[in-house]
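Structure data follow from protein.cif (mmCIF, C-alpha atoms and all ligand atoms):
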data_data
loop_
_atom_site.group_PDB
_atom_site.id
_atom_site.type_symbol
_atom_site.label_atom_id
_atom_site.label_comp_id
_atom_site.auth_asym_id
_atom_site.auth_seq_id
_atom_site.Cartn_x
_atom_site.Cartn_y
_atom_site.Cartn_z
ATOM 1 C CA MET U 32 -26.696 -25.183 -5.125
ATOM 2 C CA ASN U 33 -28.858 -23.208 -2.731
ATOM 3 C CA LEU U 34 -27.073 -20.360 -0.998
ATOM 4 C CA THR U 35 -27.702 -17.591 1.498
ATOM 5 C CA LEU U 36 -26.078 -14.317 0.497
ATOM 6 C CA LYS U 37 -25.451 -11.645 3.103
ATOM 7 C CA ILE U 38 -24.809 -8.521 1.044
ATOM 8 C CA TRP U 39 -23.832 -5.005 2.117
ATOM 9 C CA ARG U 40 -26.538 -2.637 0.866
ATOM 10 C CA GLN U 41 -25.926 1.111 0.999
ATOM 11 C CA LYS U 42 -28.049 3.547 -1.001
ATOM 12 C CA GLY U 43 -25.367 6.218 -1.274
ATOM 13 C CA ALA U 44 -22.263 7.721 0.255
ATOM 14 C CA ASN U 45 -24.196 9.243 3.170
ATOM 15 C CA ASP U 46 -26.402 6.225 3.890
ATOM 16 C CA LYS U 47 -25.435 4.142 6.935
ATOM 17 C CA GLY U 48 -25.740 0.823 5.072
ATOM 18 C CA LYS U 49 -26.407 -2.671 6.420
ATOM 19 C CA ILE U 50 -26.191 -6.357 5.557
ATOM 20 C CA ILE U 51 -29.324 -7.776 3.906
ATOM 21 C CA ASP U 52 -29.978 -11.527 3.516
ATOM 22 C CA TYR U 53 -30.938 -13.036 0.161
ATOM 23 C CA ALA U 54 -31.743 -16.681 -0.631
ATOM 24 C CA ILE U 55 -30.690 -17.851 -4.078
ATOM 25 C CA GLY U 56 -31.341 -21.287 -5.592
ATOM 26 C CA ASP U 57 -30.328 -23.229 -8.694
ATOM 27 C CA VAL U 58 -26.781 -21.864 -8.691
ATOM 28 C CA SER U 59 -24.580 -23.858 -11.084
ATOM 29 C CA PRO U 60 -21.024 -24.628 -9.923
ATOM 30 C CA ASP U 61 -19.904 -23.492 -13.392
ATOM 31 C CA MET U 62 -21.225 -19.957 -12.931
ATOM 32 C CA SER U 63 -18.736 -17.234 -12.176
ATOM 33 C CA PHE U 64 -19.339 -15.301 -8.961
ATOM 34 C CA LEU U 65 -20.477 -12.264 -10.960
ATOM 35 C CA GLU U 66 -22.874 -14.394 -13.029
ATOM 36 C CA MET U 67 -24.384 -15.597 -9.747
ATOM 37 C CA LEU U 68 -24.859 -11.925 -8.761
ATOM 38 C CA ASP U 69 -26.395 -11.270 -12.207
ATOM 39 C CA VAL U 70 -28.987 -13.989 -11.510
ATOM 40 C CA LEU U 71 -29.735 -12.484 -8.099
ATOM 41 C CA ASN U 72 -30.137 -9.032 -9.683
ATOM 42 C CA GLN U 73 -32.472 -10.387 -12.354
ATOM 43 C CA ASP U 74 -34.650 -11.855 -9.573
ATOM 44 C CA LEU U 75 -34.597 -8.560 -7.683
ATOM 45 C CA ILE U 76 -35.533 -6.564 -10.798
ATOM 46 C CA GLU U 77 -38.429 -8.952 -11.553
ATOM 47 C CA LYS U 78 -39.675 -8.482 -7.979
ATOM 48 C CA GLY U 79 -39.468 -4.682 -8.386
ATOM 49 C CA GLU U 80 -36.562 -4.380 -5.943
ATOM 50 C CA GLU U 81 -33.318 -2.428 -6.359
ATOM 51 C CA PRO U 82 -30.530 -4.616 -7.853
ATOM 52 C CA VAL U 83 -27.197 -4.868 -6.048
ATOM 53 C CA ALA U 84 -24.718 -2.328 -7.480
ATOM 54 C CA PHE U 85 -21.273 -3.770 -8.170
ATOM 55 C CA ASP U 86 -18.414 -2.755 -10.466
ATOM 56 C CA HIS U 87 -17.320 -4.936 -13.377
ATOM 57 C CA ASP U 88 -16.029 -4.515 -16.897
ATOM 58 C CA CYS U 89 -13.698 -7.056 -18.525
ATOM 59 C CA ARG U 90 -14.796 -10.119 -16.506
ATOM 60 C CA GLU U 91 -11.446 -11.734 -17.298
ATOM 61 C CA GLY U 92 -9.130 -10.461 -14.586
ATOM 62 C CA ILE U 93 -7.718 -7.475 -16.461
ATOM 63 C CA CYS U 94 -9.551 -4.284 -15.539
ATOM 64 C CA GLY U 95 -9.485 -4.580 -11.746
ATOM 65 C CA SER U 96 -12.969 -3.168 -11.288
ATOM 66 C CA CYS U 97 -14.781 -6.184 -9.752
ATOM 67 C CA SER U 98 -13.436 -5.396 -6.306
ATOM 68 C CA MET U 99 -15.246 -6.762 -3.244
ATOM 69 C CA PHE U 100 -14.777 -8.862 -0.143
ATOM 70 C CA VAL U 101 -16.181 -12.380 -0.318
ATOM 71 C CA ASN U 102 -16.373 -14.021 3.113
ATOM 72 C CA GLY U 103 -13.953 -11.425 4.449
ATOM 73 C CA GLN U 104 -11.271 -12.047 1.825
ATOM 74 C CA ALA U 105 -10.419 -9.606 -0.948
ATOM 75 C CA HIS U 106 -11.492 -11.239 -4.233
ATOM 76 C CA GLY U 107 -12.746 -14.306 -2.343
ATOM 77 C CA PRO U 108 -11.256 -17.560 -1.092
ATOM 78 C CA ASP U 109 -9.085 -18.538 -4.097
ATOM 79 C CA SER U 110 -5.652 -16.999 -4.612
ATOM 80 C CA MET U 111 -4.225 -15.090 -7.596
ATOM 81 C CA ILE U 112 -7.637 -14.372 -9.145
ATOM 82 C CA THR U 113 -10.157 -11.550 -9.218
ATOM 83 C CA VAL U 114 -13.828 -11.944 -8.272
ATOM 84 C CA CYS U 115 -14.830 -12.260 -11.938
ATOM 85 C CA GLN U 116 -12.525 -15.309 -12.191
ATOM 86 C CA LEU U 117 -13.954 -16.882 -9.024
ATOM 87 C CA HIS U 118 -16.392 -19.717 -9.744
ATOM 88 C CA MET U 119 -19.242 -21.081 -7.679
ATOM 89 C CA ARG U 120 -17.526 -24.486 -7.575
ATOM 90 C CA SER U 121 -15.408 -22.947 -4.825
ATOM 91 C CA PHE U 122 -18.525 -23.003 -2.594
ATOM 92 C CA ASN U 123 -20.812 -25.742 -1.269
ATOM 93 C CA ASP U 124 -24.566 -26.235 -1.338
ATOM 94 C CA GLY U 125 -26.087 -24.565 1.730
ATOM 95 C CA ASP U 126 -23.215 -22.101 2.216
ATOM 96 C CA THR U 127 -23.724 -18.611 3.585
ATOM 97 C CA ILE U 128 -21.602 -16.050 1.724
ATOM 98 C CA TYR U 129 -20.823 -12.560 3.012
ATOM 99 C CA ILE U 130 -20.290 -9.958 0.250
ATOM 100 C CA GLU U 131 -19.004 -6.511 1.201
ATOM 101 C CA PRO U 132 -17.272 -3.510 -0.408
ATOM 102 C CA TRP U 133 -13.635 -2.517 0.197
ATOM 103 C CA ARG U 134 -13.227 -0.729 3.520
ATOM 104 C CA ALA U 135 -10.768 2.182 3.502
ATOM 105 C CA THR U 136 -11.131 5.907 4.180
ATOM 106 C CA ALA U 137 -9.505 6.678 0.820
ATOM 107 C CA PHE U 138 -12.041 4.388 -0.945
ATOM 108 C CA PRO U 139 -15.445 5.785 0.146
ATOM 109 C CA VAL U 140 -18.494 3.670 -0.701
ATOM 110 C CA ILE U 141 -20.525 5.099 -3.586
ATOM 111 C CA LYS U 142 -23.312 2.512 -3.527
ATOM 112 C CA ASP U 143 -23.629 -1.086 -2.245
ATOM 113 C CA LEU U 144 -20.397 -2.826 -3.332
ATOM 114 C CA ILE U 145 -18.998 0.049 -5.416
ATOM 115 C CA VAL U 146 -16.263 2.231 -3.916
ATOM 116 C CA ASP U 147 -14.609 5.336 -5.307
ATOM 117 C CA ARG U 148 -11.049 4.352 -6.319
ATOM 118 C CA SER U 149 -10.277 7.627 -8.101
ATOM 119 C CA ALA U 150 -7.511 8.207 -5.507
ATOM 120 C CA PHE U 151 -5.525 5.634 -7.519
ATOM 121 C CA ASP U 152 -6.112 7.660 -10.704
ATOM 122 C CA ARG U 153 -4.797 10.803 -9.030
ATOM 123 C CA ILE U 154 -1.678 8.951 -7.850
ATOM 124 C CA GLN U 155 -1.113 7.768 -11.432
ATOM 125 C CA GLN U 156 -1.606 11.292 -12.745
ATOM 126 C CA ALA U 157 1.076 12.501 -10.301
ATOM 127 C CA GLY U 158 3.794 10.438 -11.978
ATOM 128 C CA GLY U 159 2.685 7.155 -13.539
ATOM 129 C CA PHE U 160 3.810 8.068 -17.043
ATOM 130 C CA ILE U 161 6.883 8.765 -19.176
ATOM 131 C CA SER U 162 7.469 11.563 -21.671
ATOM 132 C CA VAL U 163 8.568 10.444 -25.124
ATOM 133 C CA ASN U 164 9.913 12.574 -27.962
ATOM 134 C CA THR U 165 7.488 11.931 -30.809
ATOM 135 C CA SER U 166 9.146 14.321 -33.266
ATOM 136 C CA GLY U 167 10.168 11.475 -35.554
ATOM 137 C CA ASN U 168 13.525 10.925 -33.848
ATOM 138 C CA THR U 169 12.180 8.519 -31.263
ATOM 139 C CA GLN U 170 14.469 5.595 -30.593
ATOM 140 C CA ASP U 171 12.857 2.238 -31.305
ATOM 141 C CA ALA U 172 12.203 0.662 -27.888
ATOM 142 C CA ASN U 173 13.298 -2.727 -29.244
ATOM 143 C CA SER U 174 16.765 -1.341 -29.991
ATOM 144 C CA ILE U 175 17.402 -0.352 -26.354
ATOM 145 C CA PRO U 176 19.226 -3.180 -24.544
ATOM 146 C CA ILE U 177 17.645 -4.069 -21.187
ATOM 147 C CA GLU U 178 18.854 -6.783 -18.813
ATOM 148 C CA LYS U 179 16.501 -9.761 -18.832
ATOM 149 C CA GLU U 180 16.042 -9.660 -15.054
ATOM 150 C CA ASN U 181 15.063 -5.974 -15.145
ATOM 151 C CA ALA U 182 12.725 -6.524 -18.084
ATOM 152 C CA ASP U 183 11.011 -9.411 -16.284
ATOM 153 C CA ASN U 184 10.671 -7.487 -13.016
ATOM 154 C CA ALA U 185 9.333 -4.402 -14.834
ATOM 155 C CA PHE U 186 6.795 -6.578 -16.629
ATOM 156 C CA ASP U 187 5.720 -8.235 -13.381
ATOM 157 C CA ALA U 188 5.227 -4.808 -11.757
ATOM 158 C CA ALA U 189 3.241 -3.634 -14.784
ATOM 159 C CA THR U 190 0.688 -6.417 -14.302
ATOM 160 C CA CYS U 191 -0.871 -4.486 -11.380
ATOM 161 C CA ILE U 192 -4.509 -3.899 -12.358
ATOM 162 C CA GLY U 193 -5.253 -1.211 -9.768
ATOM 163 C CA CYS U 194 -7.952 -3.275 -8.082
ATOM 164 C CA GLY U 195 -7.227 -1.971 -4.581
ATOM 165 C CA ALA U 196 -7.191 -5.376 -2.850
ATOM 166 C CA CYS U 197 -3.822 -4.443 -1.330
ATOM 167 C CA VAL U 198 -5.342 -1.391 0.355
ATOM 168 C CA ALA U 199 -8.469 -3.239 1.459
ATOM 169 C CA SER U 200 -6.458 -6.111 2.978
ATOM 170 C CA CYS U 201 -4.004 -3.896 4.842
ATOM 171 C CA LYS U 202 -4.782 -3.039 8.471
ATOM 172 C CA ASN U 203 -3.328 0.434 7.765
ATOM 173 C CA SER U 204 -5.131 0.833 4.408
ATOM 174 C CA SER U 205 -1.717 1.369 2.867
ATOM 175 C CA ALA U 206 -1.408 1.796 -0.890
ATOM 176 C CA MET U 207 2.330 1.070 -0.909
ATOM 177 C CA LEU U 208 2.061 -2.129 -2.975
ATOM 178 C CA PHE U 209 0.065 -0.384 -5.708
ATOM 179 C CA VAL U 210 2.260 2.727 -5.790
ATOM 180 C CA SER U 211 5.471 0.700 -5.652
ATOM 181 C CA ALA U 212 4.336 -1.405 -8.609
ATOM 182 C CA LYS U 213 3.683 1.753 -10.622
ATOM 183 C CA VAL U 214 7.037 3.281 -9.601
ATOM 184 C CA SER U 215 8.944 0.034 -10.224
ATOM 185 C CA GLN U 216 7.667 -0.590 -13.721
ATOM 186 C CA PHE U 217 9.432 2.612 -14.812
ATOM 187 C CA ALA U 218 12.364 2.605 -12.360
ATOM 188 C CA LEU U 219 13.627 -0.641 -13.891
ATOM 189 C CA LEU U 220 13.602 0.616 -17.486
ATOM 190 C CA PRO U 221 15.776 3.240 -19.238
ATOM 191 C CA GLN U 222 12.629 4.997 -20.501
ATOM 192 C CA GLY U 223 11.629 5.715 -16.909
ATOM 193 C CA GLN U 224 14.869 7.403 -15.848
ATOM 194 C CA VAL U 225 14.214 10.946 -17.132
ATOM 195 C CA GLU U 226 11.389 11.639 -14.687
ATOM 196 C CA ALA U 227 12.471 9.127 -12.021
ATOM 197 C CA THR U 228 13.217 11.671 -9.264
ATOM 198 C CA ASP U 229 9.983 13.646 -9.606
ATOM 199 C CA ARG U 230 7.924 10.510 -10.200
ATOM 200 C CA VAL U 231 8.588 8.797 -6.894
ATOM 201 C CA LEU U 232 8.418 12.021 -4.857
ATOM 202 C CA ASN U 233 5.154 13.143 -6.469
ATOM 203 C CA MET U 234 3.439 9.760 -6.375
ATOM 204 C CA VAL U 235 4.309 9.170 -2.712
ATOM 205 C CA LYS U 236 3.146 12.703 -1.827
ATOM 206 C CA GLN U 237 -0.164 12.122 -3.625
ATOM 207 C CA MET U 238 -0.538 8.769 -1.876
ATOM 208 C CA ASP U 239 -0.123 10.474 1.500
ATOM 209 C CA ASP U 240 -2.452 13.345 0.536
ATOM 210 C CA GLU U 241 -5.185 10.845 -0.385
ATOM 211 C CA GLY U 242 -5.221 9.500 3.176
ATOM 212 C CA PHE U 243 -3.723 6.032 2.673
ATOM 213 C CA GLY U 244 -1.910 4.625 5.705
ATOM 214 C CA ASN U 245 1.724 3.664 6.040
ATOM 215 C CA CYS U 246 3.330 0.260 5.475
ATOM 216 C CA THR U 247 4.238 -1.774 8.560
ATOM 217 C CA ASN U 248 5.466 -4.821 6.623
ATOM 218 C CA THR U 249 2.650 -7.207 7.555
ATOM 219 C CA GLY U 250 2.506 -8.456 3.964
ATOM 220 C CA ALA U 251 -1.287 -8.943 3.742
ATOM 221 C CA CYS U 252 -1.242 -6.945 0.488
ATOM 222 C CA GLU U 253 1.075 -9.422 -1.239
ATOM 223 C CA VAL U 254 -1.010 -12.398 -0.077
ATOM 224 C CA GLU U 255 -4.290 -10.967 -1.380
ATOM 225 C CA CYS U 256 -2.980 -9.354 -4.586
ATOM 226 C CA PRO U 257 -4.591 -11.172 -7.537
ATOM 227 C CA LYS U 258 -1.531 -10.464 -9.687
ATOM 228 C CA GLY U 259 1.154 -11.605 -7.261
ATOM 229 C CA ILE U 260 2.811 -8.188 -7.014
ATOM 230 C CA SER U 261 5.823 -8.716 -4.755
ATOM 231 C CA LEU U 262 6.797 -6.804 -1.605
ATOM 232 C CA GLU U 263 10.204 -6.360 -3.285
ATOM 233 C CA ASN U 264 8.574 -3.492 -5.163
ATOM 234 C CA ILE U 265 7.972 -1.647 -1.881
ATOM 235 C CA ALA U 266 11.647 -2.056 -0.975
ATOM 236 C CA ARG U 267 12.590 -0.724 -4.436
ATOM 237 C CA MET U 268 10.241 2.254 -4.065
ATOM 238 C CA ASN U 269 11.732 3.061 -0.650
ATOM 239 C CA ARG U 270 15.248 3.033 -2.178
ATOM 240 C CA GLU U 271 14.057 5.212 -5.076
ATOM 241 C CA TYR U 272 12.383 7.599 -2.632
ATOM 242 C CA LEU U 273 15.464 7.897 -0.430
ATOM 243 C CA SER U 274 17.755 8.586 -3.339
ATOM 244 C CA ALA U 275 15.267 11.070 -4.896
ATOM 245 C CA SER U 276 14.984 12.901 -1.555
ATOM 246 C CA PHE U 277 18.740 13.555 -1.571
ATOM 247 C CA LYS U 278 18.670 14.698 -5.205
ATOM 248 C CA GLY U 279 15.474 16.734 -4.793
HETATM 249 S S1 LIG N 301 -0.804 -4.256 -6.251
HETATM 250 FE FE1 LIG N 301 -2.142 -6.062 -6.577
HETATM 251 S S2 LIG N 301 -3.823 -5.796 -5.101
HETATM 252 FE FE2 LIG N 301 -2.811 -3.799 -5.321
HETATM 253 S S3 LIG N 301 -3.934 -2.712 -6.915
HETATM 254 FE FE3 LIG N 301 -2.214 -3.764 -7.935
HETATM 255 S S4 LIG N 301 -3.093 -5.736 -8.585
HETATM 256 FE FE4 LIG N 301 -4.525 -4.920 -7.067
HETATM 257 S S1 LIG N 302 -14.292 -7.432 -14.159
HETATM 258 FE FE1 LIG N 302 -12.294 -6.835 -14.854
HETATM 259 S S2 LIG N 302 -10.951 -7.758 -13.421
HETATM 260 FE FE2 LIG N 302 -12.912 -8.515 -12.844
#

What would the structure in this file look like if it were written as structure tokens?
Amino acid sequence: MNLTLKIWRQKGANDKGKIIDYAIGDVSPDMSFLEMLDVLNQDLIEKGEEPVAFDHDCREGICGSCSMFVNGQAHGPDSMITVCQLHMRSFNDGDTIYIEPWRATAFPVIKDLIVDRSAFDRIQQAGGFISVNTSGNTQDANSIPIEKENADNAFDAATCIGCGACVASCKNSSAMLFVSAKVSQFALLPQGQVEATDRVLNMVKQMDDEGFGNCTNTGACEVECPKGISLENIARMNREYLSASFKG
């Protein structure tokens, strides 16, 4: 396949940035999208030009770092996958593909397609953990009975990979889907009850402090989430928040 790539290039946080056109040939339909970018970068390096900076790590849909817009859609045209799982067979010979970084005030661009998602780390640090007694008297987790429905819902919430597609797809740049997944995975389990009140209050406060917008129930986050995190988690977080506000 021969393709035209229109890629957002931005030297640094204070650079204005612009779209630059690149022609790329000999693209195999079996290549992943990131492998196609690797080939482009190899060409650029051989020509003495600056390669395109993009984040990646696991390349198997687990780490959440390969975050970018492909033709205006978070993680590209296919659903329930990350960019590293997107393959060039999803495109046609002669296509023009727009590749851009996430756009959100709380995710400032560092370089080209890489944004700073450390706001998510700070939200996690505010409450995305449990405290366990490791003195030797710890109860074996397998001996704690948990309803199957709660266990399944907690597991589903825990599959959030922190990619930020929910924020990038939301017209308000809301992080509610991400935060609600992190709150829910503990709210549904007995191990999460000890810190439940502080957790939801602190994580929501940190979310607001980081400059994420509010949720207006448009549901774009759920549609673009590569892990299928459900809006039900936002409803659960709102219930947790309300009840914690009365207790707190
Ligand atoms: S909720 Fe979905 S879109 Fe948002 S960070 Fe988690 S995995 Fe990514
Ligand atoms: S590189 Fe890890 S999810 Fe894509």

I'd like to see the residues matched by the PyMOL selection byres (((chain U and resi 75-85) around 9) and not hetatm) on this file, and ideally I'd get them as a short mmCIF file (atom, residue, chain, number, x, y, z; two decimals) with C-alpha atoms, keeping the file's coordinate frame.
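Produced file out-v7.cif, reproduced below:
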data_model
loop_
_atom_site.label_atom_id
_atom_site.label_comp_id
_atom_site.auth_asym_id
_atom_site.auth_seq_id
_atom_site.Cartn_x
_atom_site.Cartn_y
_atom_site.Cartn_z
CA ILE U 38 -24.81 -8.52 1.04
CA TRP U 39 -23.83 -5.00 2.12
CA ARG U 40 -26.54 -2.64 0.87
CA LEU U 65 -20.48 -12.26 -10.96
CA LEU U 68 -24.86 -11.92 -8.76
CA ASP U 69 -26.40 -11.27 -12.21
CA VAL U 70 -28.99 -13.99 -11.51
CA LEU U 71 -29.74 -12.48 -8.10
CA ASN U 72 -30.14 -9.03 -9.68
CA GLN U 73 -32.47 -10.39 -12.35
CA ASP U 74 -34.65 -11.86 -9.57
CA ASP U 86 -18.41 -2.76 -10.47
CA HIS U 87 -17.32 -4.94 -13.38
CA SER U 96 -12.97 -3.17 -11.29
CA CYS U 97 -14.78 -6.18 -9.75
CA SER U 98 -13.44 -5.40 -6.31
CA MET U 99 -15.25 -6.76 -3.24
CA PRO U 132 -17.27 -3.51 -0.41
CA LYS U 142 -23.31 2.51 -3.53
CA ASP U 143 -23.63 -1.09 -2.24
CA LEU U 144 -20.40 -2.83 -3.33
CA ILE U 145 -19.00 0.05 -5.42
CA VAL U 146 -16.26 2.23 -3.92
#

Once you count all atoms listed in the file, what closest atom pair and distance in Å to one decimal does each residue of chain U within 6 Å of ligand LIG 301 (chain N) have, with rows by chain and rising residue number, as a Markdown table?
| residue | atom | partner | partner_atom | distance |
| --- | --- | --- | --- | --- |
| U:Cys191 | CA | N:LIG301 | FE3 | 3.8 |
| U:Ile192 | CA | N:LIG301 | S4 | 4.4 |
| U:Gly193 | CA | N:LIG301 | S3 | 3.5 |
| U:Cys194 | CA | N:LIG301 | FE4 | 3.9 |
| U:Gly195 | CA | N:LIG301 | S3 | 4.1 |
| U:Ala196 | CA | N:LIG301 | S2 | 4.1 |
| U:Cys197 | CA | N:LIG301 | S2 | 4.0 |
| U:Leu208 | CA | N:LIG301 | S1 | 4.8 |
| U:Phe209 | CA | N:LIG301 | S1 | 4.0 |
| U:Cys256 | CA | N:LIG301 | S2 | 3.7 |
| U:Pro257 | CA | N:LIG301 | S4 | 5.7 |
| U:Lys258 | CA | N:LIG301 | S4 | 5.1 |
| U:Ile260 | CA | N:LIG301 | S1 | 5.4 |

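From atom CA of U:Pro139 back to atom CA of U:Ile50, the distance works out to 17.1 Å.
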
Selection in question (the file shown): the PyMOL selection byres (((not hetatm)) within 6 of (chain N and resi 302)). Which residues does it include, as a short mmCIF file (atom, residue, chain, number, x, y, z; two decimals) with C-alpha atoms, keeping the file's coordinate frame?
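Final output, saved to selection-v1.cif:
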data_model
loop_
_atom_site.label_atom_id
_atom_site.label_comp_id
_atom_site.auth_asym_id
_atom_site.auth_seq_id
_atom_site.Cartn_x
_atom_site.Cartn_y
_atom_site.Cartn_z
CA HIS U 87 -17.32 -4.94 -13.38
CA ASP U 88 -16.03 -4.51 -16.90
CA CYS U 89 -13.70 -7.06 -18.52
CA ARG U 90 -14.80 -10.12 -16.51
CA GLU U 91 -11.45 -11.73 -17.30
CA GLY U 92 -9.13 -10.46 -14.59
CA ILE U 93 -7.72 -7.48 -16.46
CA CYS U 94 -9.55 -4.28 -15.54
CA GLY U 95 -9.48 -4.58 -11.75
CA SER U 96 -12.97 -3.17 -11.29
CA CYS U 97 -14.78 -6.18 -9.75
CA THR U 113 -10.16 -11.55 -9.22
CA VAL U 114 -13.83 -11.94 -8.27
CA CYS U 115 -14.83 -12.26 -11.94
#

Requested in this report: Could you expand the PyMOL selection byres (((chain U and resi 262-276) around 6) and not hetatm) into the explicit residues it covers here, written as a list of chain:residue names?
Outcome: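 Written out, the selection comes to U:Ser211, U:Ala212, U:Thr228, U:Val231, U:Ser261, U:Phe277, U:Lys278, U:Gly279.
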
Report task. Name all residues at most 9 Å from U:Ser63 (count all atoms listed in the file; drop same-chain ones fewer than 4 positions away) and give them as a VMD selection string. Result -> chain U and resid 59 67 to 68 114 to 120
